[in-house]
file data27.cif (mmCIF, C-alpha atoms and all ligand atoms)
data_protein
loop_
_atom_site.group_PDB
_atom_site.id
_atom_site.type_symbol
_atom_site.label_atom_id
_atom_site.label_comp_id
_atom_site.auth_asym_id
_atom_site.auth_seq_id
_atom_site.Cartn_x
_atom_site.Cartn_y
_atom_site.Cartn_z
ATOM 1 C CA MET A 1 118.118 38.989 115.729
ATOM 2 C CA ASN A 2 115.115 41.210 115.004
ATOM 3 C CA ILE A 3 114.155 41.697 111.370
ATOM 4 C CA ASN A 4 111.601 44.424 110.808
ATOM 5 C CA ALA A 5 109.917 46.104 107.858
ATOM 6 C CA THR A 6 112.547 48.849 107.715
ATOM 7 C CA LEU A 7 115.279 46.273 107.198
ATOM 8 C CA LEU A 8 113.175 44.504 104.597
ATOM 9 C CA ASN A 9 112.617 47.815 102.844
ATOM 10 C CA TYR A 10 116.341 48.646 102.911
ATOM 11 C CA TYR A 11 117.143 45.150 101.663
ATOM 12 C CA GLN A 12 115.266 46.008 98.465
ATOM 13 C CA LEU A 13 117.180 49.267 98.103
ATOM 14 C CA CYS A 14 120.742 48.582 99.239
ATOM 15 C CA HIS A 15 122.305 45.800 101.327
ATOM 16 C CA ARG A 16 124.843 48.234 102.724
ATOM 17 C CA LYS A 17 122.114 50.596 103.955
ATOM 18 C CA MET A 18 120.361 47.681 105.617
ATOM 19 C CA TRP A 19 123.580 46.503 107.299
ATOM 20 C CA LEU A 20 124.437 50.020 108.554
ATOM 21 C CA HIS A 21 120.956 50.566 109.955
ATOM 22 C CA TYR A 22 120.980 47.197 111.722
ATOM 23 C CA HIS A 23 124.363 47.953 113.251
ATOM 24 C CA ALA A 24 122.958 51.178 114.721
ATOM 25 C CA ILE A 25 124.726 53.516 112.323
ATOM 26 C CA ARG A 26 121.692 55.704 111.744
ATOM 27 C CA MET A 27 121.500 58.765 109.526
ATOM 28 C CA GLU A 28 117.750 58.946 108.952
ATOM 29 C CA HIS A 29 117.223 61.584 111.666
ATOM 30 C CA THR A 30 119.281 63.994 109.570
ATOM 31 C CA SER A 31 117.126 63.439 106.536
ATOM 32 C CA GLU A 32 114.488 66.013 105.669
ATOM 33 C CA VAL A 33 113.020 63.452 103.322
ATOM 34 C CA VAL A 34 112.152 61.182 106.253
ATOM 35 C CA TYR A 35 110.741 64.107 108.274
ATOM 36 C CA GLU A 36 108.643 65.234 105.348
ATOM 37 C CA GLY A 37 107.350 61.689 104.944
ATOM 38 C CA LYS A 38 106.230 61.603 108.569
ATOM 39 C CA LEU A 39 104.411 64.915 108.183
ATOM 40 C CA ILE A 40 102.633 63.790 105.060
ATOM 41 C CA GLY A 41 101.556 60.595 106.820
ATOM 42 C CA GLU A 42 100.170 62.571 109.742
ATOM 43 C CA GLU A 43 98.514 65.376 107.816
ATOM 44 C CA SER A 44 97.039 63.638 104.802
ATOM 45 C CA TYR A 45 94.586 61.464 106.680
ATOM 46 C CA PRO A 46 93.950 63.297 109.982
ATOM 47 C CA PHE A 47 90.698 61.481 110.825
ATOM 48 C CA ARG A 48 91.764 58.015 109.867
ATOM 49 C CA ALA A 49 93.187 57.134 113.280
ATOM 50 C CA ASP A 50 89.625 56.918 114.621
ATOM 51 C CA LYS A 51 88.750 53.841 112.632
ATOM 52 C CA ASN A 52 92.165 52.201 112.343
ATOM 53 C CA GLU A 53 94.385 50.665 114.939
ATOM 54 C CA GLU A 54 98.080 50.901 115.464
ATOM 55 C CA LEU A 55 99.454 47.415 115.882
ATOM 56 C CA GLU A 56 102.763 45.922 116.981
ATOM 57 C CA ILE A 57 103.217 42.383 115.844
ATOM 58 C CA SER A 58 105.993 39.802 115.948
ATOM 59 C CA LEU A 59 106.750 36.280 114.820
ATOM 60 C CA PRO A 60 109.595 34.163 116.204
ATOM 61 C CA LEU A 61 110.950 31.832 113.553
ATOM 62 C CA GLU A 62 111.494 28.144 114.215
ATOM 63 C CA ASN A 63 114.925 28.347 115.805
ATOM 64 C CA GLU A 64 113.901 31.569 117.629
ATOM 65 C CA LYS A 65 117.221 33.153 116.680
ATOM 66 C CA VAL A 66 115.286 35.391 114.332
ATOM 67 C CA VAL A 67 112.186 37.326 115.335
ATOM 68 C CA LEU A 68 110.190 39.176 112.696
ATOM 69 C CA THR A 69 108.631 42.386 113.987
ATOM 70 C CA ALA A 70 106.487 45.174 112.597
ATOM 71 C CA LYS A 71 104.731 48.289 113.774
ATOM 72 C CA ILE A 72 101.704 48.814 111.593
ATOM 73 C CA ASP A 73 100.414 52.379 111.732
ATOM 74 C CA PHE A 74 96.909 51.816 110.352
ATOM 75 C CA PHE A 75 95.136 48.472 110.458
ATOM 76 C CA ASP A 76 91.432 48.261 109.739
ATOM 77 C CA ALA A 77 90.788 45.093 111.749
ATOM 78 C CA LYS A 78 87.121 44.933 110.793
ATOM 79 C CA ARG A 79 87.890 44.686 107.080
ATOM 80 C CA GLY A 80 91.363 43.152 107.353
ATOM 81 C CA ILE A 81 93.003 46.007 105.463
ATOM 82 C CA VAL A 82 96.474 47.403 106.164
ATOM 83 C CA HIS A 83 97.028 51.048 105.136
ATOM 84 C CA GLU A 84 100.402 52.620 104.525
ATOM 85 C CA THR A 85 101.060 56.221 103.450
ATOM 86 C CA LYS A 86 104.088 57.108 101.338
ATOM 87 C CA LYS A 87 105.301 60.619 100.636
ATOM 88 C CA SER A 88 107.117 59.439 97.554
ATOM 89 C CA ALA A 89 106.320 61.039 94.204
ATOM 90 C CA ALA A 90 106.926 57.666 92.585
ATOM 91 C CA LYS A 91 105.685 54.186 93.285
ATOM 92 C CA GLU A 92 108.401 51.821 94.478
ATOM 93 C CA TRP A 93 108.651 48.078 94.712
ATOM 94 C CA ALA A 94 110.021 48.405 98.266
ATOM 95 C CA HIS A 95 106.675 49.887 99.371
ATOM 96 C CA VAL A 96 104.827 46.839 98.076
ATOM 97 C CA ALA A 97 107.341 44.515 99.746
ATOM 98 C CA GLN A 98 106.864 46.314 103.079
ATOM 99 C CA LEU A 99 103.101 45.970 102.961
ATOM 100 C CA GLN A 100 103.295 42.327 101.949
ATOM 101 C CA PHE A 101 105.555 41.770 104.964
ATOM 102 C CA TYR A 102 102.819 43.221 107.209
ATOM 103 C CA LEU A 103 100.203 40.997 105.589
ATOM 104 C CA TYR A 104 102.506 37.996 105.990
ATOM 105 C CA LEU A 105 103.067 38.649 109.711
ATOM 106 C CA LEU A 106 99.378 39.155 110.364
ATOM 107 C CA GLN A 107 98.452 36.004 108.490
ATOM 108 C CA LYS A 108 101.107 33.936 110.298
ATOM 109 C CA ASN A 109 99.703 35.200 113.591
ATOM 110 C CA GLY A 110 96.266 33.944 112.648
ATOM 111 C CA VAL A 111 94.783 37.371 111.912
ATOM 112 C CA GLU A 112 92.348 37.465 109.011
ATOM 113 C CA VAL A 113 93.627 39.805 106.342
ATOM 114 C CA SER A 114 92.153 40.905 103.062
ATOM 115 C CA HIS A 115 94.732 43.168 101.414
ATOM 116 C CA GLY A 116 96.855 46.269 101.824
ATOM 117 C CA VAL A 117 96.495 49.762 100.417
ATOM 118 C CA ILE A 118 99.414 52.099 99.765
ATOM 119 C CA GLU A 119 98.367 55.736 99.665
ATOM 120 C CA TYR A 120 100.443 58.225 97.700
ATOM 121 C CA PRO A 121 99.089 61.688 98.612
ATOM 122 C CA LYS A 122 101.533 63.471 96.310
ATOM 123 C CA LEU A 123 100.401 61.370 93.367
ATOM 124 C CA ARG A 124 96.763 61.314 94.504
ATOM 125 C CA GLN A 125 96.824 57.586 93.895
ATOM 126 C CA THR A 126 96.412 54.395 95.850
ATOM 127 C CA GLU A 127 97.777 50.945 95.124
ATOM 128 C CA ARG A 128 96.150 47.711 96.205
ATOM 129 C CA VAL A 129 98.541 45.033 97.504
ATOM 130 C CA ILE A 130 97.738 41.372 97.934
ATOM 131 C CA LEU A 131 99.767 38.503 99.346
ATOM 132 C CA GLY A 132 99.900 35.479 97.053
ATOM 133 C CA GLU A 133 101.630 32.131 97.535
ATOM 134 C CA ALA A 134 104.604 33.224 95.429
ATOM 135 C CA ASP A 135 104.913 36.351 97.596
ATOM 136 C CA VAL A 136 105.045 34.231 100.749
ATOM 137 C CA LEU A 137 107.880 32.132 99.288
ATOM 138 C CA ARG A 138 109.739 35.265 98.207
ATOM 139 C CA ILE A 139 109.389 36.852 101.666
ATOM 140 C CA GLU A 140 110.697 33.702 103.339
ATOM 141 C CA ALA A 141 113.662 33.550 100.946
ATOM 142 C CA SER A 142 114.346 37.270 101.529
ATOM 143 C CA ILE A 143 114.359 36.805 105.292
ATOM 144 C CA GLU A 144 116.987 34.099 104.958
ATOM 145 C CA LYS A 145 119.153 36.311 102.737
ATOM 146 C CA ILE A 146 118.701 39.317 105.042
ATOM 147 C CA ARG A 147 119.884 37.227 107.963
ATOM 148 C CA GLU A 148 122.986 36.187 106.002
ATOM 149 C CA VAL A 149 123.858 39.779 105.062
ATOM 150 C CA LEU A 150 123.322 41.084 108.608
ATOM 151 C CA GLU A 151 125.577 38.388 110.039
ATOM 152 C CA GLN A 152 128.465 39.438 107.786
ATOM 153 C CA GLU A 153 131.221 41.153 109.699
ATOM 154 C CA GLN A 154 132.047 43.408 106.777
ATOM 155 C CA CYS A 155 129.802 46.219 105.652
ATOM 156 C CA PRO A 156 128.494 45.342 102.142
ATOM 157 C CA LEU A 157 129.873 47.209 99.135
ATOM 158 C CA LYS A 158 128.459 50.522 97.968
ATOM 159 C CA LEU A 159 126.013 50.807 95.112
ATOM 160 C CA PRO A 160 126.982 52.925 92.088
ATOM 161 C CA ILE A 161 126.866 56.594 93.121
ATOM 162 C CA SER A 162 124.052 57.306 90.672
ATOM 163 C CA LYS A 163 121.731 55.262 92.934
ATOM 164 C CA CYS A 164 122.832 57.050 96.113
ATOM 165 C CA LYS A 165 121.914 60.700 95.601
ATOM 166 C CA THR A 166 118.781 60.692 97.761
ATOM 167 C CA CYS A 167 120.029 58.226 100.374
ATOM 168 C CA SER A 168 120.380 59.469 103.951
ATOM 169 C CA TYR A 169 123.779 57.707 104.106
ATOM 170 C CA PHE A 170 125.126 59.592 101.104
ATOM 171 C CA GLU A 171 127.676 61.613 103.053
ATOM 172 C CA PHE A 172 128.660 58.623 105.148
ATOM 173 C CA CYS A 173 129.372 56.528 102.066
ATOM 174 C CA TRP A 174 130.702 59.114 99.648
ATOM 175 C CA VAL A 175 132.214 62.070 101.462
ATOM 176 C CA GLY A 176 135.698 62.550 100.037
ATOM 177 C CA ASP A 177 135.098 60.026 97.260
ATOM 178 C CA GLU A 178 133.330 62.221 94.697
HETATM 179 S S1 LIG A 201 124.696 55.976 99.931
HETATM 180 FE FE1 LIG A 201 124.447 54.360 98.381
HETATM 181 S S2 LIG A 201 125.798 52.720 99.023
HETATM 182 FE FE2 LIG A 201 125.536 54.075 100.778
HETATM 183 S S3 LIG A 201 123.885 53.165 101.915
HETATM 184 FE FE3 LIG A 201 122.987 54.692 100.565
HETATM 185 S S4 LIG A 201 122.382 53.589 98.720
HETATM 186 FE FE4 LIG A 201 123.781 52.271 99.857
#
call {"tool": "encode", "arguments": {"input": "data27.cif", "output": "structure tokens"}}
result
Amino acid sequence: MNINATLLNYYQLCHRKMWLHYHAIRMEHTSEVVYEGKLIGEESYPFRADKNEELEISLPLENEKVVLTAKIDFFDAKRGIVHETKKSAAKEWAHVAQLQFYLYLLQKNGVEVSHGVIEYPKLRQTERVILGEADVLRIEASIEKIREVLEQEQCPLKLPISKCKTCSYFEFCWVGDE
């Protein structure tokens, strides 16, 4: 089983979304929100690619039944800084969790890391993210819970509809139910 940053991100938002994505029921390609996010990432920092590397990284866990993987778009290896751009007009905990997951994987692979930076072009703000001991414990506990949810045969229950309006699975979950 591969657990990546997308699944970790979805785990923070909705267990059902995470389960659907893992089981290859994908709706993100239909989402303009996702497309817009990609464009913002590409257009906001057009020269940054020159000094940052794209990095694919993985970490097999002890029993090797679970492999943690991540594709980091911008890693400043010289300074040990991971950059992540978010199109969101609001800061979200899931963004922090995603970046901490990157820092965790790098650290576990013996790469020297300093911190992460989340860039919010729409807000014209950045947020500094560090990985503390408590964060490491929380990530490891999350991975265990993610594995449990993904191994369930049944799709997890829906969230209240008020939390679903901007989700790419909205029609999948709610069509005919409103
Ligand atoms: S529409 Fe709601 S219940 Fe369905 S996956 Fe999205 S957040 Fe979860």
call {"tool": "residues_around", "arguments": {"input": "data27.cif", "residues": "segment 149-157 of chain A", "least_positions_apart": "5", "cutoff": "12 Å", "atoms": "only C-alpha atoms", "output": "mmCIF file with C-alpha atoms, in the coordinates of the input"}}
result
data_model
loop_
_atom_site.group_PDB
_atom_site.id
_atom_site.type_symbol
_atom_site.label_atom_id
_atom_site.label_comp_id
_atom_site.auth_asym_id
_atom_site.auth_seq_id
_atom_site.Cartn_x
_atom_site.Cartn_y
_atom_site.Cartn_z
ATOM 1 C CA MET A 1 118.118 38.989 115.729
ATOM 2 C CA ASN A 2 115.115 41.210 115.004
ATOM 3 C CA ILE A 3 114.155 41.697 111.370
ATOM 4 C CA LEU A 7 115.279 46.273 107.198
ATOM 5 C CA LEU A 8 113.175 44.504 104.597
ATOM 6 C CA TYR A 10 116.341 48.646 102.911
ATOM 7 C CA TYR A 11 117.143 45.150 101.663
ATOM 8 C CA CYS A 14 120.742 48.582 99.239
ATOM 9 C CA HIS A 15 122.305 45.800 101.327
ATOM 10 C CA ARG A 16 124.843 48.234 102.724
ATOM 11 C CA LYS A 17 122.114 50.596 103.955
ATOM 12 C CA MET A 18 120.361 47.681 105.617
ATOM 13 C CA TRP A 19 123.580 46.503 107.299
ATOM 14 C CA LEU A 20 124.437 50.020 108.554
ATOM 15 C CA HIS A 21 120.956 50.566 109.955
ATOM 16 C CA TYR A 22 120.980 47.197 111.722
ATOM 17 C CA HIS A 23 124.363 47.953 113.251
ATOM 18 C CA ALA A 24 122.958 51.178 114.721
ATOM 19 C CA ILE A 25 124.726 53.516 112.323
ATOM 20 C CA LYS A 65 117.221 33.153 116.680
ATOM 21 C CA VAL A 66 115.286 35.391 114.332
ATOM 22 C CA SER A 142 114.346 37.270 101.529
ATOM 23 C CA ILE A 143 114.359 36.805 105.292
ATOM 24 C CA GLU A 144 116.987 34.099 104.958
ATOM 25 C CA CYS A 173 129.372 56.528 102.066
ATOM 26 C CA TRP A 174 130.702 59.114 99.648
#
call {"tool": "residues_around", "arguments": {"input": "data27.cif", "residues": "Leu59 of chain A", "least_positions_apart": "3", "cutoff": "7 Å", "atoms": "only C-alpha atoms", "output": "PDB file with C-alpha atoms, keeping the file's coordinate frame"}}
result
ATOM      1  CA  VAL A  67     112.186  37.326 115.335  1.00  0.00           C
ATOM      2  CA  LEU A  68     110.190  39.176 112.696  1.00  0.00           C
ATOM      3  CA  THR A  69     108.631  42.386 113.987  1.00  0.00           C
ATOM      4  CA  LEU A 105     103.067  38.649 109.711  1.00  0.00           C
TER       5      LEU A 105
END
call {"tool": "axis_aligned_box", "arguments": {"input": "data27.cif", "around": "ligand LIG 201 (chain A)", "padding_each_side": "3 Å", "output": "JSON"}}
result
{"center_x": 124.1, "center_y": 54.1, "center_z": 100.1, "size_x": 9.4, "size_y": 9.7, "size_z": 9.5}
call {"tool": "closest_residue", "arguments": {"input": "data27.cif", "among": "A:Lys122, A:Ala90, A:Lys158, A:Val175", "to": "ligand LIG 201 (chain A)", "atoms": "only C-alpha atoms and all ligand atoms"}}
result
A:Lys158
call {"tool": "resolve_selection", "arguments": {"input": "data27.cif", "expression": "the PyMOL selection byres (((chain A and resi 72) around 9) and not hetatm)", "output": "PyMOL selection string"}}
result
chain A and resi 53-57+70-71+73-75+82-84+102
call {"tool": "residues_near_point", "arguments": {"input": "data27.cif", "point": "(106.6, 55.0, 95.6)", "cutoff": "12 Å", "atoms": "all atoms listed in the file", "output": "list in words"}}
result
Asn9, Gly37, Glu84, Thr85, Lys86, Lys87, Ser88, Ala89, Ala90, Lys91, Glu92, Trp93, Ala94, His95, Val96, Ala97, Gln98, Ile118, Glu119, Tyr120, Pro121, Lys122, Leu123, Arg124, Gln125, Thr126 and Glu127 of chain A
call {"tool": "closest_residue", "arguments": {"input": "data27.cif", "among": "A:Gln12, A:Ser114, A:Thr6, A:Gln107", "to": "ligand LIG 201 (chain A)", "atoms": "only C-alpha atoms and all ligand atoms"}}
result
A:Gln12
call {"tool": "resolve_selection", "arguments": {"input": "data27.cif", "expression": "the PyMOL selection byres (((chain A and resi 128) around 6) and not hetatm)", "output": "number ranges by chain"}}
result
A: 116-117, 127, 129
call {"tool": "write_last_selection", "arguments": {"input": "data27.cif", "atoms": "C-alpha atoms", "output": "PDB file, in the frame of the given file"}}
result
ATOM      1  CA  GLY A 116      96.855  46.269 101.824  1.00  0.00           C
ATOM      2  CA  VAL A 117      96.495  49.762 100.417  1.00  0.00           C
ATOM      3  CA  GLU A 127      97.777  50.945  95.124  1.00  0.00           C
ATOM      4  CA  VAL A 129      98.541  45.033  97.504  1.00  0.00           C
TER       5      VAL A 129
END
call {"tool": "closest_residue", "arguments": {"input": "data27.cif", "among": "A:Met27, A:Ala77, A:Ala134, A:Leu103", "to": "ligand LIG 201 (chain A)", "atoms": "all atoms listed in the file"}}
result
A:Met27
call {"tool": "atom_distance", "arguments": {"input": "data27.cif", "atom1": "atom CA of Phe172 of chain A", "atom2": "atom CA of Leu13 of chain A"}}
result
16.4 Å
call {"tool": "atom_distance", "arguments": {"input": "data27.cif", "atom1": "atom S2 of ligand LIG 201 (chain A)", "atom2": "atom CA of Pro160 of chain A"}}
result
7.0 Å
call {"tool": "closest_residue", "arguments": {"input": "data27.cif", "among": "A:Gly176, A:Leu61, A:Lys165, A:Gln100", "to": "ligand LIG 201 (chain A)", "atoms": "all atoms listed in the file"}}
result
A:Lys165
call {"tool": "atom_distance", "arguments": {"input": "data27.cif", "atom1": "atom CA of Leu99 of chain A", "atom2": "atom CA of Ala141 of chain A"}}
result
16.4 Å
call {"tool": "closest_residue", "arguments": {"input": "data27.cif", "among": "A:Val136, A:Ile130, A:Ile81, A:Cys167", "to": "Lys108 of chain A", "atoms": "all atoms listed in the file"}}
result
A:Val136
call {"tool": "decode", "arguments": {"input": "data27.cif", "residues": "segment 146-157 of chain A", "atoms": "all heavy atoms", "output": "PDB file, in the first residue's frame"}}
result
ATOM      1  N   ILE A 146      -4.745   6.006   8.745  1.00  0.00           N
ATOM      2  CA  ILE A 146      -5.011   6.029   7.293  1.00  0.00           C
ATOM      3  C   ILE A 146      -5.019   4.608   6.749  1.00  0.00           C
ATOM      4  O   ILE A 146      -5.909   4.211   5.992  1.00  0.00           O
ATOM      5  CB  ILE A 146      -3.944   6.886   6.562  1.00  0.00           C
ATOM      6  CG1 ILE A 146      -4.156   8.358   6.879  1.00  0.00           C
ATOM      7  CG2 ILE A 146      -3.969   6.641   5.060  1.00  0.00           C
ATOM      8  CD1 ILE A 146      -3.029   9.275   6.436  1.00  0.00           C
ATOM      9  N   ARG A 147      -4.035   3.833   7.162  1.00  0.00           N
ATOM     10  CA  ARG A 147      -3.968   2.444   6.695  1.00  0.00           C
ATOM     11  C   ARG A 147      -5.252   1.688   7.072  1.00  0.00           C
ATOM     12  O   ARG A 147      -5.831   0.974   6.262  1.00  0.00           O
ATOM     13  CB  ARG A 147      -2.742   1.761   7.319  1.00  0.00           C
ATOM     14  CG  ARG A 147      -2.420   0.413   6.725  1.00  0.00           C
ATOM     15  CD  ARG A 147      -1.284  -0.257   7.455  1.00  0.00           C
ATOM     16  NE  ARG A 147      -1.562  -0.461   8.875  1.00  0.00           N
ATOM     17  CZ  ARG A 147      -2.400  -1.382   9.349  1.00  0.00           C
ATOM     18  NH1 ARG A 147      -3.025  -2.192   8.529  1.00  0.00           N
ATOM     19  NH2 ARG A 147      -2.599  -1.500  10.643  1.00  0.00           N
ATOM     20  N   GLU A 148      -5.696   1.893   8.306  1.00  0.00           N
ATOM     21  CA  GLU A 148      -6.926   1.207   8.760  1.00  0.00           C
ATOM     22  C   GLU A 148      -8.133   1.601   7.914  1.00  0.00           C
ATOM     23  O   GLU A 148      -8.912   0.741   7.492  1.00  0.00           O
ATOM     24  CB  GLU A 148      -7.210   1.577  10.220  1.00  0.00           C
ATOM     25  CG  GLU A 148      -6.365   0.806  11.203  1.00  0.00           C
ATOM     26  CD  GLU A 148      -6.533   1.346  12.630  1.00  0.00           C
ATOM     27  OE1 GLU A 148      -7.597   1.947  12.931  1.00  0.00           O
ATOM     28  OE2 GLU A 148      -5.599   1.179  13.404  1.00  0.00           O
ATOM     29  N   VAL A 149      -8.267   2.904   7.655  1.00  0.00           N
ATOM     30  CA  VAL A 149      -9.431   3.367   6.861  1.00  0.00           C
ATOM     31  C   VAL A 149      -9.351   2.810   5.435  1.00  0.00           C
ATOM     32  O   VAL A 149     -10.349   2.338   4.880  1.00  0.00           O
ATOM     33  CB  VAL A 149      -9.513   4.911   6.832  1.00  0.00           C
ATOM     34  CG1 VAL A 149     -10.629   5.377   5.904  1.00  0.00           C
ATOM     35  CG2 VAL A 149      -9.723   5.466   8.233  1.00  0.00           C
ATOM     36  N   LEU A 150      -8.171   2.843   4.838  1.00  0.00           N
ATOM     37  CA  LEU A 150      -8.036   2.392   3.445  1.00  0.00           C
ATOM     38  C   LEU A 150      -8.282   0.891   3.303  1.00  0.00           C
ATOM     39  O   LEU A 150      -8.694   0.426   2.239  1.00  0.00           O
ATOM     40  CB  LEU A 150      -6.647   2.744   2.909  1.00  0.00           C
ATOM     41  CG  LEU A 150      -6.352   4.244   2.774  1.00  0.00           C
ATOM     42  CD1 LEU A 150      -4.946   4.463   2.243  1.00  0.00           C
ATOM     43  CD2 LEU A 150      -7.368   4.928   1.875  1.00  0.00           C
ATOM     44  N   GLU A 151      -8.037   0.154   4.378  1.00  0.00           N
ATOM     45  CA  GLU A 151      -8.254  -1.297   4.308  1.00  0.00           C
ATOM     46  C   GLU A 151      -9.716  -1.687   4.518  1.00  0.00           C
ATOM     47  O   GLU A 151     -10.088  -2.835   4.293  1.00  0.00           O
ATOM     48  CB  GLU A 151      -7.363  -2.001   5.341  1.00  0.00           C
ATOM     49  CG  GLU A 151      -5.925  -2.097   4.847  1.00  0.00           C
ATOM     50  CD  GLU A 151      -4.983  -2.763   5.842  1.00  0.00           C
ATOM     51  OE1 GLU A 151      -5.410  -3.017   7.001  1.00  0.00           O
ATOM     52  OE2 GLU A 151      -3.832  -3.012   5.476  1.00  0.00           O
ATOM     53  N   GLN A 152     -10.541  -0.722   4.949  1.00  0.00           N
ATOM     54  CA  GLN A 152     -11.970  -1.017   5.101  1.00  0.00           C
ATOM     55  C   GLN A 152     -12.567  -1.367   3.740  1.00  0.00           C
ATOM     56  O   GLN A 152     -12.243  -0.737   2.742  1.00  0.00           O
ATOM     57  CB  GLN A 152     -12.727   0.216   5.611  1.00  0.00           C
ATOM     58  CG  GLN A 152     -12.484   0.569   7.041  1.00  0.00           C
ATOM     59  CD  GLN A 152     -13.181   1.890   7.389  1.00  0.00           C
ATOM     60  OE1 GLN A 152     -14.094   2.318   6.702  1.00  0.00           O
ATOM     61  NE2 GLN A 152     -12.724   2.525   8.436  1.00  0.00           N
ATOM     62  N   GLU A 153     -13.459  -2.340   3.758  1.00  0.00           N
ATOM     63  CA  GLU A 153     -14.121  -2.674   2.488  1.00  0.00           C
ATOM     64  C   GLU A 153     -15.171  -1.636   2.131  1.00  0.00           C
ATOM     65  O   GLU A 153     -15.409  -1.346   0.968  1.00  0.00           O
ATOM     66  CB  GLU A 153     -14.759  -4.056   2.587  1.00  0.00           C
ATOM     67  CG  GLU A 153     -13.719  -5.136   2.426  1.00  0.00           C
ATOM     68  CD  GLU A 153     -14.311  -6.504   2.307  1.00  0.00           C
ATOM     69  OE1 GLU A 153     -15.496  -6.612   1.929  1.00  0.00           O
ATOM     70  OE2 GLU A 153     -13.592  -7.458   2.608  1.00  0.00           O
ATOM     71  N   GLN A 154     -15.808  -1.103   3.153  1.00  0.00           N
ATOM     72  CA  GLN A 154     -16.883  -0.129   2.936  1.00  0.00           C
ATOM     73  C   GLN A 154     -16.321   1.285   2.803  1.00  0.00           C
ATOM     74  O   GLN A 154     -15.406   1.664   3.536  1.00  0.00           O
ATOM     75  CB  GLN A 154     -17.822  -0.139   4.136  1.00  0.00           C
ATOM     76  CG  GLN A 154     -18.589  -1.437   4.317  1.00  0.00           C
ATOM     77  CD  GLN A 154     -19.818  -1.495   3.425  1.00  0.00           C
ATOM     78  OE1 GLN A 154     -20.448  -0.473   3.172  1.00  0.00           O
ATOM     79  NE2 GLN A 154     -20.132  -2.679   2.929  1.00  0.00           N
ATOM     80  N   CYS A 155     -16.927   2.026   1.895  1.00  0.00           N
ATOM     81  CA  CYS A 155     -16.592   3.445   1.775  1.00  0.00           C
ATOM     82  C   CYS A 155     -17.046   4.170   3.052  1.00  0.00           C
ATOM     83  O   CYS A 155     -18.184   3.985   3.483  1.00  0.00           O
ATOM     84  CB  CYS A 155     -17.340   3.971   0.558  1.00  0.00           C
ATOM     85  SG  CYS A 155     -17.067   5.672   0.209  1.00  0.00           S
ATOM     86  N   PRO A 156     -16.203   4.981   3.674  1.00  0.00           N
ATOM     87  CA  PRO A 156     -16.619   5.696   4.895  1.00  0.00           C
ATOM     88  C   PRO A 156     -17.834   6.601   4.665  1.00  0.00           C
ATOM     89  O   PRO A 156     -18.122   6.993   3.532  1.00  0.00           O
ATOM     90  CB  PRO A 156     -15.385   6.522   5.257  1.00  0.00           C
ATOM     91  CG  PRO A 156     -14.256   5.820   4.604  1.00  0.00           C
ATOM     92  CD  PRO A 156     -14.793   5.226   3.344  1.00  0.00           C
ATOM     93  N   LEU A 157     -18.508   6.928   5.749  1.00  0.00           N
ATOM     94  CA  LEU A 157     -19.722   7.747   5.668  1.00  0.00           C
ATOM     95  C   LEU A 157     -19.416   9.155   5.169  1.00  0.00           C
ATOM     96  O   LEU A 157     -18.290   9.645   5.299  1.00  0.00           O
ATOM     97  CB  LEU A 157     -20.378   7.838   7.053  1.00  0.00           C
ATOM     98  CG  LEU A 157     -20.900   6.523   7.636  1.00  0.00           C
ATOM     99  CD1 LEU A 157     -21.413   6.755   9.049  1.00  0.00           C
ATOM    100  CD2 LEU A 157     -21.985   5.932   6.746  1.00  0.00           C
TER     101      LEU A 157
END
